[in-house]
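Dumped work36.pdb below, it's PDB, C-alpha atoms:
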```
ATOM      1  CA  MET A   7     -52.286 -40.480 -15.639
ATOM      2  CA  ALA A   8     -53.357 -38.976 -18.954
ATOM      3  CA  HIS A   9     -55.221 -41.270 -21.342
ATOM      4  CA  LEU A  10     -54.408 -41.343 -25.029
ATOM      5  CA  LYS A  11     -58.028 -42.195 -25.860
ATOM      6  CA  GLN A  12     -59.035 -38.890 -24.241
ATOM      7  CA  ARG A  13     -56.440 -36.877 -26.162
ATOM      8  CA  ARG A  14     -57.951 -33.520 -27.092
ATOM      9  CA  PRO A  15     -58.252 -32.915 -30.852
ATOM     10  CA  GLN A  16     -56.836 -29.403 -30.314
ATOM     11  CA  ASN A  17     -53.386 -30.914 -29.695
ATOM     12  CA  ILE A  18     -50.868 -30.829 -32.515
ATOM     13  CA  SER A  19     -49.731 -34.311 -33.573
ATOM     14  CA  GLY A  20     -46.711 -35.705 -31.790
ATOM     15  CA  ASP A  21     -45.540 -37.192 -28.498
ATOM     16  CA  PHE A  22     -46.921 -34.726 -25.913
ATOM     17  CA  TYR A  23     -50.651 -34.153 -25.522
ATOM     18  CA  VAL A  24     -53.281 -32.912 -23.068
ATOM     19  CA  ASP A  25     -56.365 -35.011 -22.429
ATOM     20  CA  SER A  26     -59.935 -33.950 -21.691
ATOM     21  CA  SER A  27     -59.512 -34.122 -17.895
ATOM     22  CA  CYS A  28     -57.727 -30.723 -17.950
ATOM     23  CA  ILE A  29     -59.254 -28.260 -15.437
ATOM     24  CA  ASP A  30     -57.851 -25.152 -17.194
ATOM     25  CA  CYS A  31     -55.685 -24.183 -14.204
ATOM     26  CA  ASP A  32     -53.098 -22.522 -16.506
ATOM     27  CA  ALA A  33     -50.052 -24.112 -14.788
ATOM     28  CA  CYS A  34     -48.585 -25.792 -17.878
ATOM     29  CA  ARG A  35     -49.154 -22.679 -19.988
ATOM     30  CA  TRP A  36     -47.141 -20.345 -17.774
ATOM     31  CA  MET A  37     -44.531 -22.971 -16.954
ATOM     32  CA  THR A  38     -43.901 -23.974 -20.575
ATOM     33  CA  PRO A  39     -45.535 -21.427 -22.894
ATOM     34  CA  GLU A  40     -43.438 -22.600 -25.840
ATOM     35  CA  VAL A  41     -45.335 -25.934 -25.802
ATOM     36  CA  PHE A  42     -48.773 -25.362 -24.255
ATOM     37  CA  HIS A  43     -51.530 -22.846 -24.932
ATOM     38  CA  ARG A  44     -55.260 -22.436 -24.283
ATOM     39  CA  ALA A  45     -57.710 -23.829 -26.803
ATOM     40  CA  ASP A  46     -61.456 -23.960 -26.186
ATOM     41  CA  GLN A  47     -61.179 -23.389 -22.409
ATOM     42  CA  GLN A  48     -58.590 -26.094 -21.789
ATOM     43  CA  SER A  49     -54.872 -26.532 -22.382
ATOM     44  CA  ALA A  50     -53.418 -28.134 -25.490
ATOM     45  CA  VAL A  51     -50.038 -28.724 -27.117
ATOM     46  CA  TYR A  52     -49.476 -26.338 -30.023
ATOM     47  CA  HIS A  53     -45.745 -26.994 -30.460
ATOM     48  CA  GLN A  54     -43.926 -30.256 -29.766
ATOM     49  CA  PRO A  55     -40.621 -29.846 -27.867
ATOM     50  CA  ALA A  56     -37.840 -29.261 -30.407
ATOM     51  CA  ASN A  57     -34.784 -29.781 -28.185
ATOM     52  CA  GLU A  58     -33.678 -31.176 -24.804
ATOM     53  CA  THR A  59     -34.414 -27.942 -22.948
ATOM     54  CA  GLU A  60     -37.969 -27.706 -24.262
ATOM     55  CA  ARG A  61     -38.513 -31.382 -23.562
ATOM     56  CA  LEU A  62     -37.360 -31.024 -19.944
ATOM     57  CA  ARG A  63     -39.648 -28.021 -19.462
ATOM     58  CA  ALA A  64     -42.573 -29.949 -20.969
ATOM     59  CA  LEU A  65     -41.890 -32.839 -18.586
ATOM     60  CA  GLN A  66     -41.757 -30.406 -15.673
ATOM     61  CA  ALA A  67     -45.221 -29.210 -16.686
ATOM     62  CA  LEU A  68     -46.372 -32.832 -17.020
ATOM     63  CA  LEU A  69     -45.220 -33.604 -13.469
ATOM     64  CA  SER A  70     -46.740 -30.394 -12.130
ATOM     65  CA  CYS A  71     -50.168 -30.879 -13.705
ATOM     66  CA  PRO A  72     -52.591 -31.235 -10.766
ATOM     67  CA  THR A  73     -54.890 -33.633 -12.620
ATOM     68  CA  SER A  74     -52.246 -35.626 -14.544
ATOM     69  CA  SER A  75     -53.878 -34.413 -17.745
ATOM     70  CA  ILE A  76     -50.615 -34.191 -19.706
ATOM     71  CA  GLY A  77     -49.243 -37.339 -21.303
ATOM     72  CA  THR A  78     -46.771 -38.672 -23.828
ATOM     73  CA  VAL A  79     -47.327 -41.343 -26.445
ATOM     74  CA  GLU A  80     -43.936 -42.903 -25.692
ATOM     75  CA  LYS A  81     -42.760 -43.464 -22.136
ATOM     76  CA  PRO A  82     -40.271 -40.629 -21.468
ATOM     77  CA  LYS A  83     -36.756 -41.882 -20.731
ATOM     78  CA  GLU A  84     -35.854 -38.597 -19.027
ATOM     79  CA  ILE A  85     -38.608 -38.675 -16.404
ATOM     80  CA  LYS A  86     -36.164 -39.154 -13.508
ATOM     81  CA  ASP A  87     -34.113 -36.178 -14.693
ATOM     82  CA  ALA A  88     -37.300 -34.128 -14.739
ATOM     83  CA  GLN A  89     -38.229 -35.276 -11.234
ATOM     84  CA  GLN A  90     -34.782 -34.344  -9.953
ATOM     85  CA  SER A  91     -35.041 -30.854 -11.475
ATOM     86  CA  PHE A  92     -37.498 -29.801  -8.758
ATOM     87  CA  PRO A  93     -37.660 -27.426  -7.000
ATOM     88  CA  ILE A  94     -36.971 -25.199 -10.009
ATOM     89  CA  PRO A  95     -34.818 -22.112  -9.313
ATOM     90  CA  VAL A  96     -36.623 -18.785  -9.751
ATOM     91  CA  ALA A  97     -34.022 -16.286  -8.520
ATOM     92  CA  ASP A  98     -31.522 -16.082  -5.670
ATOM     93  CA  ASN A  99     -32.595 -18.695  -3.105
ATOM     94  CA  VAL A 100     -36.238 -18.877  -4.195
ATOM     95  CA  TYR A 101     -37.630 -21.968  -5.943
ATOM     96  CA  HIS A 102     -40.844 -23.116  -7.594
ATOM     97  CA  CYS A 103     -41.867 -26.453  -6.079
ATOM     98  CA  GLY A 104     -43.952 -27.738  -8.983
ATOM     99  CA  TYR A 105     -46.191 -30.747  -8.305
ATOM    100  CA  HIS A 106     -49.321 -28.600  -8.104
ATOM    101  CA  SER A 107     -52.277 -30.030  -6.216
ATOM    102  CA  GLU A 108     -55.795 -30.464  -7.542
ATOM    103  CA  ASN A 109     -57.008 -29.657  -4.009
ATOM    104  CA  SER A 110     -55.613 -26.141  -4.545
ATOM    105  CA  TYR A 111     -56.942 -25.949  -8.120
ATOM    106  CA  GLY A 112     -53.390 -26.117  -9.427
ATOM    107  CA  ALA A 113     -51.944 -23.254  -7.347
ATOM    108  CA  ALA A 114     -48.166 -22.772  -7.356
ATOM    109  CA  SER A 115     -46.070 -23.354  -4.246
ATOM    110  CA  TYR A 116     -42.650 -21.846  -3.546
ATOM    111  CA  LEU A 117     -39.653 -22.512  -1.318
ATOM    112  CA  ILE A 118     -37.280 -19.999   0.267
ATOM    113  CA  GLN A 119     -34.009 -21.670   1.248
ATOM    114  CA  ARG A 120     -32.493 -19.866   4.251
ATOM    115  CA  PRO A 121     -29.734 -20.696   6.762
ATOM    116  CA  GLN A 122     -32.222 -19.824   9.531
ATOM    117  CA  GLY A 123     -34.674 -22.416   8.202
ATOM    118  CA  ASN A 124     -36.508 -22.968   4.938
ATOM    119  CA  ILE A 125     -39.995 -21.548   4.262
ATOM    120  CA  LEU A 126     -42.543 -23.449   2.170
ATOM    121  CA  ILE A 127     -45.171 -21.105   0.734
ATOM    122  CA  ASP A 128     -48.538 -22.812   0.289
ATOM    123  CA  SER A 129     -48.741 -26.541  -0.325
ATOM    124  CA  PRO A 130     -47.642 -28.602  -3.308
ATOM    125  CA  ARG A 131     -48.606 -32.252  -3.622
ATOM    126  CA  PHE A 132     -46.848 -34.459  -1.103
ATOM    127  CA  THR A 133     -44.907 -36.618  -3.531
ATOM    128  CA  PRO A 134     -41.713 -38.658  -2.836
ATOM    129  CA  PRO A 135     -39.359 -37.015  -5.384
ATOM    130  CA  LEU A 136     -40.194 -33.514  -4.121
ATOM    131  CA  VAL A 137     -40.043 -34.526  -0.457
ATOM    132  CA  LYS A 138     -36.619 -36.105  -1.011
ATOM    133  CA  ALA A 139     -35.389 -32.917  -2.702
ATOM    134  CA  LEU A 140     -36.714 -30.744   0.135
ATOM    135  CA  GLU A 141     -34.954 -32.971   2.650
ATOM    136  CA  ALA A 142     -31.672 -32.547   0.762
ATOM    137  CA  MET A 143     -32.147 -28.770   0.786
ATOM    138  CA  GLY A 144     -32.501 -28.618   4.568
ATOM    139  CA  GLY A 145     -36.126 -29.555   5.199
ATOM    140  CA  ILE A 146     -38.869 -27.101   6.147
ATOM    141  CA  ARG A 147     -38.971 -24.920   9.262
ATOM    142  CA  HIS A 148     -42.143 -22.956   8.488
ATOM    143  CA  MET A 149     -45.023 -23.663   6.151
ATOM    144  CA  TYR A 150     -46.622 -20.317   5.378
ATOM    145  CA  LEU A 151     -50.180 -20.533   4.023
ATOM    146  CA  THR A 152     -51.517 -17.446   2.254
ATOM    147  CA  HIS A 153     -55.170 -18.378   2.726
ATOM    148  CA  GLN A 154     -57.547 -21.284   3.148
ATOM    149  CA  ASP A 155     -57.830 -22.257  -0.539
ATOM    150  CA  ASP A 156     -54.273 -23.457  -1.170
ATOM    151  CA  VAL A 157     -53.432 -25.592   1.865
ATOM    152  CA  ALA A 158     -53.623 -28.961   0.006
ATOM    153  CA  ASP A 159     -51.316 -31.513   1.721
ATOM    154  CA  HIS A 160     -50.294 -29.306   4.654
ATOM    155  CA  HIS A 161     -50.945 -32.089   7.197
ATOM    156  CA  LYS A 162     -48.521 -34.440   5.452
ATOM    157  CA  TYR A 163     -45.781 -31.808   5.315
ATOM    158  CA  ARG A 164     -46.309 -31.022   8.998
ATOM    159  CA  GLN A 165     -46.122 -34.685   9.942
ATOM    160  CA  HIS A 166     -43.016 -35.373   7.859
ATOM    161  CA  PHE A 167     -40.958 -32.231   8.495
ATOM    162  CA  GLN A 168     -42.411 -31.145  11.866
ATOM    163  CA  CYS A 169     -42.666 -27.653  10.382
ATOM    164  CA  GLU A 170     -44.698 -24.913  12.014
ATOM    165  CA  ARG A 171     -47.636 -23.901   9.860
ATOM    166  CA  ILE A 172     -48.721 -20.255   9.671
ATOM    167  CA  LEU A 173     -52.235 -19.106   8.740
ATOM    168  CA  HIS A 174     -54.433 -16.161   9.683
ATOM    169  CA  ILE A 175     -57.163 -17.059  12.170
ATOM    170  CA  ASP A 176     -59.855 -15.770   9.790
ATOM    171  CA  GLU A 177     -58.810 -18.502   7.344
ATOM    172  CA  ILE A 178     -58.981 -21.377   9.826
ATOM    173  CA  THR A 179     -61.333 -24.228   8.912
ATOM    174  CA  THR A 180     -61.883 -27.659  10.395
ATOM    175  CA  ASP A 181     -59.015 -28.879   8.196
ATOM    176  CA  THR A 182     -56.564 -26.289   9.574
ATOM    177  CA  ARG A 183     -57.720 -25.873  13.170
ATOM    178  CA  ASP A 184     -54.461 -27.420  14.452
ATOM    179  CA  VAL A 185     -52.179 -24.937  12.654
ATOM    180  CA  GLU A 186     -49.343 -23.994  15.018
ATOM    181  CA  ILE A 187     -49.126 -20.214  14.381
ATOM    182  CA  GLN A 188     -52.499 -18.511  13.958
ATOM    183  CA  LEU A 189     -52.155 -14.842  13.044
ATOM    184  CA  THR A 190     -54.666 -12.278  14.267
ATOM    185  CA  GLY A 191     -55.543  -8.694  13.467
ATOM    186  CA  SER A 192     -54.611  -6.494  10.516
ATOM    187  CA  GLU A 193     -51.074  -5.395  11.388
ATOM    188  CA  PRO A 194     -48.024  -6.725   9.515
ATOM    189  CA  TYR A 195     -46.323  -9.625  11.295
ATOM    190  CA  PRO A 196     -42.494  -9.859  11.160
ATOM    191  CA  LEU A 197     -41.605 -13.550  11.010
ATOM    192  CA  ASP A 198     -37.911 -12.639  10.896
ATOM    193  CA  ASN A 199     -35.852  -9.585   9.949
ATOM    194  CA  ASP A 200     -36.144 -10.549   6.260
ATOM    195  CA  LEU A 201     -39.708 -11.924   6.324
ATOM    196  CA  LEU A 202     -42.842  -9.824   6.718
ATOM    197  CA  ILE A 203     -46.396 -11.169   6.591
ATOM    198  CA  ILE A 204     -48.867  -8.509   5.413
ATOM    199  CA  PRO A 205     -52.642  -8.938   5.868
ATOM    200  CA  VAL A 206     -54.507  -8.205   2.614
ATOM    201  CA  PRO A 207     -58.217  -8.942   3.187
ATOM    202  CA  GLY A 208     -60.298  -9.027   0.045
ATOM    203  CA  HIS A 209     -60.090 -12.308  -1.851
ATOM    204  CA  THR A 210     -60.850 -13.884   1.516
ATOM    205  CA  LYS A 211     -61.176 -12.230   4.917
ATOM    206  CA  GLY A 212     -57.838 -13.378   6.331
ATOM    207  CA  HIS A 213     -55.695 -13.526   3.214
ATOM    208  CA  THR A 214     -52.068 -12.495   3.764
ATOM    209  CA  VAL A 215     -49.002 -12.072   1.546
ATOM    210  CA  LEU A 216     -45.340 -12.656   2.378
ATOM    211  CA  LEU A 217     -42.609 -10.137   1.608
ATOM    212  CA  TYR A 218     -39.102 -11.599   1.574
ATOM    213  CA  ASN A 219     -35.953  -9.454   1.553
ATOM    214  CA  ASN A 220     -37.909  -6.471   0.163
ATOM    215  CA  LYS A 221     -37.595  -8.243  -3.173
ATOM    216  CA  PHE A 222     -40.017 -11.173  -3.428
ATOM    217  CA  LEU A 223     -43.757 -10.843  -2.760
ATOM    218  CA  PHE A 224     -45.618 -14.157  -2.501
ATOM    219  CA  THR A 225     -49.193 -13.140  -3.232
ATOM    220  CA  GLY A 226     -51.418 -16.229  -3.182
ATOM    221  CA  ASP A 227     -54.685 -15.189  -4.840
ATOM    222  CA  HIS A 228     -54.295 -11.476  -4.074
ATOM    223  CA  LEU A 229     -52.211 -10.145  -6.990
ATOM    224  CA  ALA A 230     -50.896 -11.543 -10.277
ATOM    225  CA  TRP A 231     -49.832 -10.575 -13.772
ATOM    226  CA  SER A 232     -52.330 -10.865 -16.609
ATOM    227  CA  ASP A 233     -50.876 -11.737 -19.988
ATOM    228  CA  GLN A 234     -54.164 -10.784 -21.593
ATOM    229  CA  LEU A 235     -54.263  -7.273 -20.107
ATOM    230  CA  GLN A 236     -50.487  -6.884 -19.845
ATOM    231  CA  GLN A 237     -50.708  -5.535 -16.324
ATOM    232  CA  LEU A 238     -51.007  -6.558 -12.674
ATOM    233  CA  ILE A 239     -54.523  -7.528 -11.629
ATOM    234  CA  ALA A 240     -56.673  -8.786  -8.782
ATOM    235  CA  PHE A 241     -59.282 -11.476  -9.433
ATOM    236  CA  ARG A 242     -62.642  -9.678  -9.584
ATOM    237  CA  ARG A 243     -64.553 -12.833 -10.470
ATOM    238  CA  TYR A 244     -63.009 -14.757  -7.586
ATOM    239  CA  CYS A 245     -63.285 -12.152  -4.853
ATOM    240  CA  PHE A 246     -65.106 -14.020  -2.083
ATOM    241  CA  TYR A 247     -64.977 -11.479   0.761
ATOM    242  CA  SER A 248     -64.931  -7.830  -0.373
ATOM    243  CA  TRP A 249     -63.727  -6.060  -3.521
ATOM    244  CA  GLN A 250     -63.585  -2.721  -1.706
ATOM    245  CA  GLU A 251     -61.435  -4.230   1.050
ATOM    246  CA  LEU A 252     -59.246  -5.781  -1.620
ATOM    247  CA  ILE A 253     -58.692  -2.335  -3.145
ATOM    248  CA  LYS A 254     -57.702  -0.959   0.280
ATOM    249  CA  SER A 255     -55.316  -3.892   0.744
ATOM    250  CA  MET A 256     -53.758  -3.226  -2.641
ATOM    251  CA  GLU A 257     -53.318   0.443  -1.729
ATOM    252  CA  ARG A 258     -51.388  -0.600   1.392
ATOM    253  CA  LEU A 259     -49.001  -2.625  -0.753
ATOM    254  CA  THR A 260     -47.815   0.591  -2.422
ATOM    255  CA  ASN A 261     -45.979   1.326   0.851
ATOM    256  CA  TYR A 262     -43.628  -1.591   0.226
ATOM    257  CA  SER A 263     -40.817  -2.180  -2.259
ATOM    258  CA  PHE A 264     -40.397  -5.428  -4.184
ATOM    259  CA  GLU A 265     -39.286  -6.677  -7.583
ATOM    260  CA  TRP A 266     -41.124  -9.990  -7.908
ATOM    261  CA  VAL A 267     -44.799 -10.944  -7.742
ATOM    262  CA  LEU A 268     -45.056 -14.708  -7.226
ATOM    263  CA  PRO A 269     -48.731 -15.720  -7.102
ATOM    264  CA  GLY A 270     -50.483 -18.985  -6.393
ATOM    265  CA  HIS A 271     -52.775 -18.431  -9.367
ATOM    266  CA  GLY A 272     -52.001 -16.210 -12.324
ATOM    267  CA  ARG A 273     -48.670 -15.271 -13.865
ATOM    268  CA  ARG A 274     -45.444 -14.156 -12.226
ATOM    269  CA  TYR A 275     -44.070 -10.687 -12.774
ATOM    270  CA  HIS A 276     -40.512  -9.375 -12.380
ATOM    271  CA  THR A 277     -39.298  -5.829 -12.927
ATOM    272  CA  ASP A 278     -37.437  -3.016 -11.178
ATOM    273  CA  ILE A 279     -38.895  -1.377  -8.049
ATOM    274  CA  LYS A 280     -40.050   1.816  -9.779
ATOM    275  CA  THR A 281     -41.834  -0.021 -12.576
ATOM    276  CA  MET A 282     -43.452  -2.303 -10.004
ATOM    277  CA  GLN A 283     -44.821   0.753  -8.196
ATOM    278  CA  ASP A 284     -46.150   2.118 -11.475
ATOM    279  CA  GLN A 285     -47.776  -1.226 -12.224
ATOM    280  CA  LEU A 286     -49.391  -1.349  -8.771
ATOM    281  CA  ASN A 287     -50.853   2.110  -9.292
ATOM    282  CA  GLN A 288     -52.106   1.085 -12.732
ATOM    283  CA  CYS A 289     -53.655  -2.004 -11.146
ATOM    284  CA  LEU A 290     -55.444   0.200  -8.604
ATOM    285  CA  VAL A 291     -56.888   2.431 -11.322
ATOM    286  CA  TRP A 292     -58.119  -0.664 -13.156
ATOM    287  CA  MET A 293     -59.606  -2.161  -9.960
ATOM    288  CA  LYS A 294     -61.556   1.000  -9.158
ATOM    289  CA  HIS A 295     -63.088   0.908 -12.630
ATOM    290  CA  GLN A 296     -64.290  -2.641 -11.991
ATOM    291  CA  GLY A 297     -66.786  -1.384  -9.418
TER     292      GLY A 297
END
```
Any chance you could give the structure as structure tokens?
Amino acid sequence: MAHLKQRRPQNISGDFYVDSSCIDCDACRWMTPEVFHRADQQSAVYHQPANETERLRALQALLSCPTSSIGTVEKPKEIKDAQQSFPIPVADNVYHCGYHSENSYGAASYLIQRPQGNILIDSPRFTPPLVKALEAMGGIRHMYLTHQDDVADHHKYRQHFQCERILHIDEITTDTRDVEIQLTGSEPYPLDNDLLIIPVPGHTKGHTVLLYNNKFLFTGDHLAWSDQLQQLIAFRRYCFYSWQELIKSMERLTNYSFEWVLPGHGRRYHTDIKTMQDQLNQCLVWMKHQG
């Protein structure tokens, strides 16, 4: 819970605020950019919600904050409505789960709702309102984990939903040694006719991405949009295995078609297939200049 006594002075006056426990994960800023921005290496409120829509979106960010660093001066009457708004629709049958986990440094988690069984991508916090919503949407058949960093509450989701977890063997740690499906090798793995897991070593050795319906690419920490650079990027500073391998992995992605980049960290990006290809090629040029 945020503490009013720790309210950052960079916040504009009003009901919503961010306190000094913020870890600068960026979640609130991309979820609700009309309310939150970055100020002195942490988030802050620069515009108080002006209508019901903005207020709901601010409350969604509050609930999603991994460190509970967002607060309100007055107890929000609409908190149950905000809780019930999750998972938040993205497009088609894809949803943003919210409830980011501090154990994943605030990474985003997504849900694909499918008649053949729902797919949870990476792990949100295991929290009753979200679990109840996931139950109502058909539960979870598979829990796909992009890499070892963003597994958070995977054990709790496995225990509750009896879902099969998927993770590349090169990402297995003592915490994930009991994962049901352990991928091996460097070849793409078809989970179903509309789901393809693509190995993309670089950020970590066994990082993979998930391509759904040749439209949605769930990228973990491999690829994201940068608002600052106005282009797709990889995370040079947070490349823990090999930058050169990451470049090769990015080159392989140019063989696939998709319209959405949905990362764990960083910003989403949506465009047409041709523009996405152009952006990938621009990203590659930029990466090669990074050394």
12 Å contact set for Asp98 (chain A), all atoms listed in the file, chain neighbours under 4 positions out, as a short mmCIF file (atom, residue, chain, number, x, y, z; two decimals) with C-alpha atoms, in the frame of the given file:
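Everything below was put into around_35.cif:
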```cif
data_model
loop_
_atom_site.label_atom_id
_atom_site.label_comp_id
_atom_site.auth_asym_id
_atom_site.auth_seq_id
_atom_site.Cartn_x
_atom_site.Cartn_y
_atom_site.Cartn_z
CA ILE A 94 -36.97 -25.20 -10.01
CA HIS A 102 -40.84 -23.12 -7.59
CA LEU A 117 -39.65 -22.51 -1.32
CA ILE A 118 -37.28 -20.00 0.27
CA GLN A 119 -34.01 -21.67 1.25
CA ARG A 120 -32.49 -19.87 4.25
CA TYR A 218 -39.10 -11.60 1.57
CA ASN A 219 -35.95 -9.45 1.55
CA LYS A 221 -37.60 -8.24 -3.17
CA PHE A 222 -40.02 -11.17 -3.43
CA TRP A 266 -41.12 -9.99 -7.91
#
```
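In this model, the gap between CA of Asp21 (chain A) and CA of Phe42 (chain A) comes to 13.0 Å.
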Around the point (-39.2, 0.7, -9.1) (coordinates from the file), which residues reach within 12 Å if we count only C-alpha atoms? Answer as a list in words.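 Within the cut-off we find Asn220, Lys221, Thr260, Tyr262, Ser263, Phe264, Glu265, Trp266, His276, Thr277, Asp278, Ile279, Lys280, Thr281, Met282, Gln283, Asp284, Gln285, Leu286 and Asn287 of chain A.
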Using all atoms listed in the file, find the one residue out of A:Ala142, A:Leu65, A:Ile127, A:Leu223 that sits nearest to Gly77 (chain A). A:Leu65
Residue nearest Cys103 (chain A) - candidates A:Trp231, A:Tyr116, A:Tyr150, A:Phe132, atoms counted: only C-alpha atoms: A:Tyr116
Residues at most 8 Å from Ser70 (chain A), counting only C-alpha atoms, excluding those fewer than 5 positions away in the same chain, as a compact mmCIF listing (two decimals) with C-alpha atoms, in the coordinates of the input?
```txt
# COMPACT_ATOMS: atom_id res chain seq x y z
CA ALA A 33 -50.05 -24.11 -14.79
CA CYS A 34 -48.58 -25.79 -17.88
CA GLY A 104 -43.95 -27.74 -8.98
CA TYR A 105 -46.19 -30.75 -8.30
CA HIS A 106 -49.32 -28.60 -8.10
```
Minimum-distance residue to Trp249 (chain A), chosen among A:Gln154, A:Gln296, A:Ser91, A:Ser192 (using only C-alpha atoms):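 Using only C-alpha atoms, the shortest distance to Trp249 (chain A) belongs to A:Gln296.
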Please, what distance in Å, to one decimal, runs between CA of Tyr163 (chain A) and CA of Gly112 (chain A)? 17.5 Å
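For the structure in this document, the set picked by the PyMOL selection byres ((chain A and resi 107) around 6) is Pro72, His106, Glu108, Asn109, Ser110, Gly112, Pro130 and Arg131 of chain A.
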Could those residues be written to a file, using C-alpha atoms, as a PDB file, keeping the file's coordinate frame?
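Final output, result-v6.pdb:
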```pdb
ATOM      1  CA  PRO A  72     -52.591 -31.235 -10.766  1.00  0.00           C
ATOM      2  CA  HIS A 106     -49.321 -28.600  -8.104  1.00  0.00           C
ATOM      3  CA  GLU A 108     -55.795 -30.464  -7.542  1.00  0.00           C
ATOM      4  CA  ASN A 109     -57.008 -29.657  -4.009  1.00  0.00           C
ATOM      5  CA  SER A 110     -55.613 -26.141  -4.545  1.00  0.00           C
ATOM      6  CA  GLY A 112     -53.390 -26.117  -9.427  1.00  0.00           C
ATOM      7  CA  PRO A 130     -47.642 -28.602  -3.308  1.00  0.00           C
ATOM      8  CA  ARG A 131     -48.606 -32.252  -3.622  1.00  0.00           C
TER       9      ARG A 131
END
```
When the PyMOL selection byres ((chain A and resi 125) around 6) is applied to the file above, which residues end up in the set, as a VMD selection string? chain A and resid 117 to 118 124 126 146 148 to 149
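Going from CA of Met7 (chain A) to CA of Tyr101 (chain A) covers 25.5 Å.
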Using all atoms listed in the file, find the one residue out of A:Phe167, A:Tyr23, A:Trp36, A:Phe224 that sits nearest to Gly123 (chain A).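 So, comparing all the options, the nearest one is A:Phe167.
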